[in-house]
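One structure below.
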Amino acid sequence: MAASSSGHGSKPKKKTMKSLYLQFFETAPDEKSRICKLCKKRYCMTTATGNLGKHLNNRHPGYCQLSDGDTAQTTTISGMFSRSKRSQSLARRAQAQSQSQVQPQPLALVKPHPQPKVKPVIDIDHVNWLLLRWLISSSLPPSTLEDSMLIDSCKYLNPPVQLWPKEKAHEITLQVFRSMKEDVKAFLQLVSSRLSITLDFWTSYEQIIYLSVKCHWIDESWALQKVLLDVCRIPYPCTGPEILHVLMNVLQEFNIDSKILACTHNNSQHAIHACHELRQELESRKLPFCYIPCAAQTLKTIIEDGLENVRPVLSKIREFILETNSNQEMMEDFKHWTEVYQEGSWKLPFEHSANWSGDYNMLDVVKKVTYSSYSVFNFLS
């Protein structure tokens, strides 16, 4: 009876029910907090399961669909949640349910199939045409297209690229030249004024003499116009008759032999002889013509003769300028001393070309910066 009475007198232990919300939480390693499996947010172990449910409803709407259970288990979770919350505000539960219905359910991410990359179509002929324009503007031979480094560079950018052989590049260059020549020929026929020509000679590294013929005129707006007519090789022995023959072929090809008023040449004896014969030819047709020596060439000859006496000084000045241009410290010192001696400001690096204008500029530097360059001259000497 005592045992019976003691058994009846003690209160039975309340049966605990593990909340199904806890399946979305895991115990932290320190066993003092729970971690949400969905967002890794921590909660103290003493946090009520109702607050855990609020977290799931507010932060993870539709969390029931992420559980491993089936639809019946989801219904059980909702029923237990409603019973545990019946003592609380029904409006709060309704609001939570309405939010879970309104907010969109997470959609399964469908990984799009990668679209095959479409390689851009390259016009091979256009690439070759651009390279050909580069060759022409840079005065490079068509054989440059067969350079192995150029070919490898183009194939690195686009493997299917095939460069034109030099024979095709040469042929297309001639076609472009002939087409442009026809355009110039048609344009000159529309010029109403008389024309003047200039002759320029130079020798290639192969010791071949070439002649370029350039045409000048003044249009109706009194603006000076010019165009290159042709570049021709002068056959051996490159004397007056050969120059005249080549020049007449160019003038007759462009049909302007009767419109020439004057010719300027480089003062060579062969050019003077050719222009003299041309004047006799045009005067026989009662066409006025004169040939004029190049003033710039004449001035260059005079200056070079005048500078011949100071060549040793110019050589020393050139050494000074070359040394100064190649040494940043010397340039800074030079600027400093020109400021100290008030010898003006100078643009560095100096010009040291071998033509007469370069010689004049070097003499001008030494004349105006005597004190600043004195110590450097002593060093170089």
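Following the order of the structure tokens, first chain is A, next is B, and so on, with residues numbered from 1 inside each chain and ligands from 1 in the order they appear.
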Next on the checklist: Considering only helix (DSSP H, G or I) as DSSP defines it on the backbone, what residues of segment 114-241 of chain A qualify? List them as number ranges by chain.
Outcome noted: A: 124-137, 142-146, 148-157, 166-188, 240-241
Next on the checklist: Give me the residues near Thr198 of chain A as a ChimeraX atom specification, where near means some atom within 7 Å (using only C-alpha atoms) and where sequence neighbours in that chain fewer than 5 positions away do not count.
Outcome noted: /A:213-215,263-265
Next on the checklist: Would you pick out the contacts of segment 352-369 of chain A at 8 Å or less, using only C-alpha atoms, so that residues sharing its chain but fewer than 6 positions from it are not included, and give the list as a PyMOL selection string?
Outcome noted: chain A and resi 300+303-304+314+317-318+321-322+338+343
Next on the checklist: Applying 10 Å and only C-alpha atoms, which residues near Pro160 of chain A remain after dropping the ones on its own chain fewer than 5 positions away? List them as a VMD selection string.
Outcome noted: chain A and resid 122 124 154 to 155
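Between atom CA of Gln269 of chain A and atom CA of Leu224 of chain A the separation is 28.8 Å.
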Checklist entry - Which is closest to His245 of chain A among A:Gly50, A:His273, A:Pro61, A:Glu308, if we use only C-alpha atoms? => result A:His273
Checklist entry - When distances are computed from only C-alpha atoms, which of A:Leu163, A:Leu188, A:Leu130, A:Cys238 shows the smallest separation from Ser268 of chain A? => result A:Cys238
Next on the checklist: Let me make sure I understand: among A:His170, A:Phe334, A:Val227, A:Tyr236, which one has the smallest atom-to-atom distance to Ile208 of chain A if we use only C-alpha atoms?
Outcome noted: A:Tyr236
Next on the checklist: Report as a list in words all protein, DNA and RNA residues lying within 7 Å of segment 21-26 of chain A, evaluated on only C-alpha atoms, omitting residues in the same chain fewer than 6 positions from it.
Outcome noted: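 Skipping anything fewer than 6 positions along the chain leaves Arg34, Ile35, Cys36, Lys37, Thr49, Leu52 and Gly53 of chain A.
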Output of the above residues as an mmCIF file, in the first residue's frame, restricted to N, CA and C atoms:
data_model
loop_
_atom_site.group_PDB
_atom_site.id
_atom_site.type_symbol
_atom_site.label_atom_id
_atom_site.label_comp_id
_atom_site.auth_asym_id
_atom_site.auth_seq_id
_atom_site.Cartn_x
_atom_site.Cartn_y
_atom_site.Cartn_z
ATOM 1 N N ARG A 34 22.424 26.120 -31.518
ATOM 2 C CA ARG A 34 21.924 25.395 -32.683
ATOM 3 C C ARG A 34 22.196 26.246 -33.928
ATOM 4 N N ILE A 35 22.470 25.590 -35.034
ATOM 5 C CA ILE A 35 22.799 26.271 -36.291
ATOM 6 C C ILE A 35 21.766 25.889 -37.336
ATOM 7 N N CYS A 36 21.191 26.896 -37.973
ATOM 8 C CA CYS A 36 20.221 26.644 -39.053
ATOM 9 C C CYS A 36 20.950 26.013 -40.226
ATOM 10 N N LYS A 37 20.412 24.907 -40.714
ATOM 11 C CA LYS A 37 21.043 24.208 -41.826
ATOM 12 C C LYS A 37 20.914 24.974 -43.138
ATOM 13 N N THR A 49 11.301 26.482 -29.380
ATOM 14 C CA THR A 49 11.098 25.980 -30.740
ATOM 15 C C THR A 49 10.164 26.884 -31.535
ATOM 16 N N LEU A 52 12.235 29.244 -33.255
ATOM 17 C CA LEU A 52 12.867 28.591 -34.401
ATOM 18 C C LEU A 52 11.912 28.504 -35.579
ATOM 19 N N GLY A 53 10.621 28.238 -35.239
ATOM 20 C CA GLY A 53 9.628 28.197 -36.305
ATOM 21 C C GLY A 53 9.439 29.559 -36.956
#
Next on the checklist: Could you list, as an NGL selection string, every residue within 8 Å of Asn266 of chain A, counting only C-alpha atoms and ignoring same-chain residues fewer than 3 positions away?
Outcome noted: :A and (199-201 or 271 or 293-294 or 297)
Item to check | Between atom CA of Asp30 of chain A and atom CA of Asn58 of chain A - distance in Å to one decimal | outcome: 26.5 Å
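Reported to one decimal place, the separation of atom CA of Arg194 of chain A from atom CA of Trp222 of chain A is 12.9 Å.
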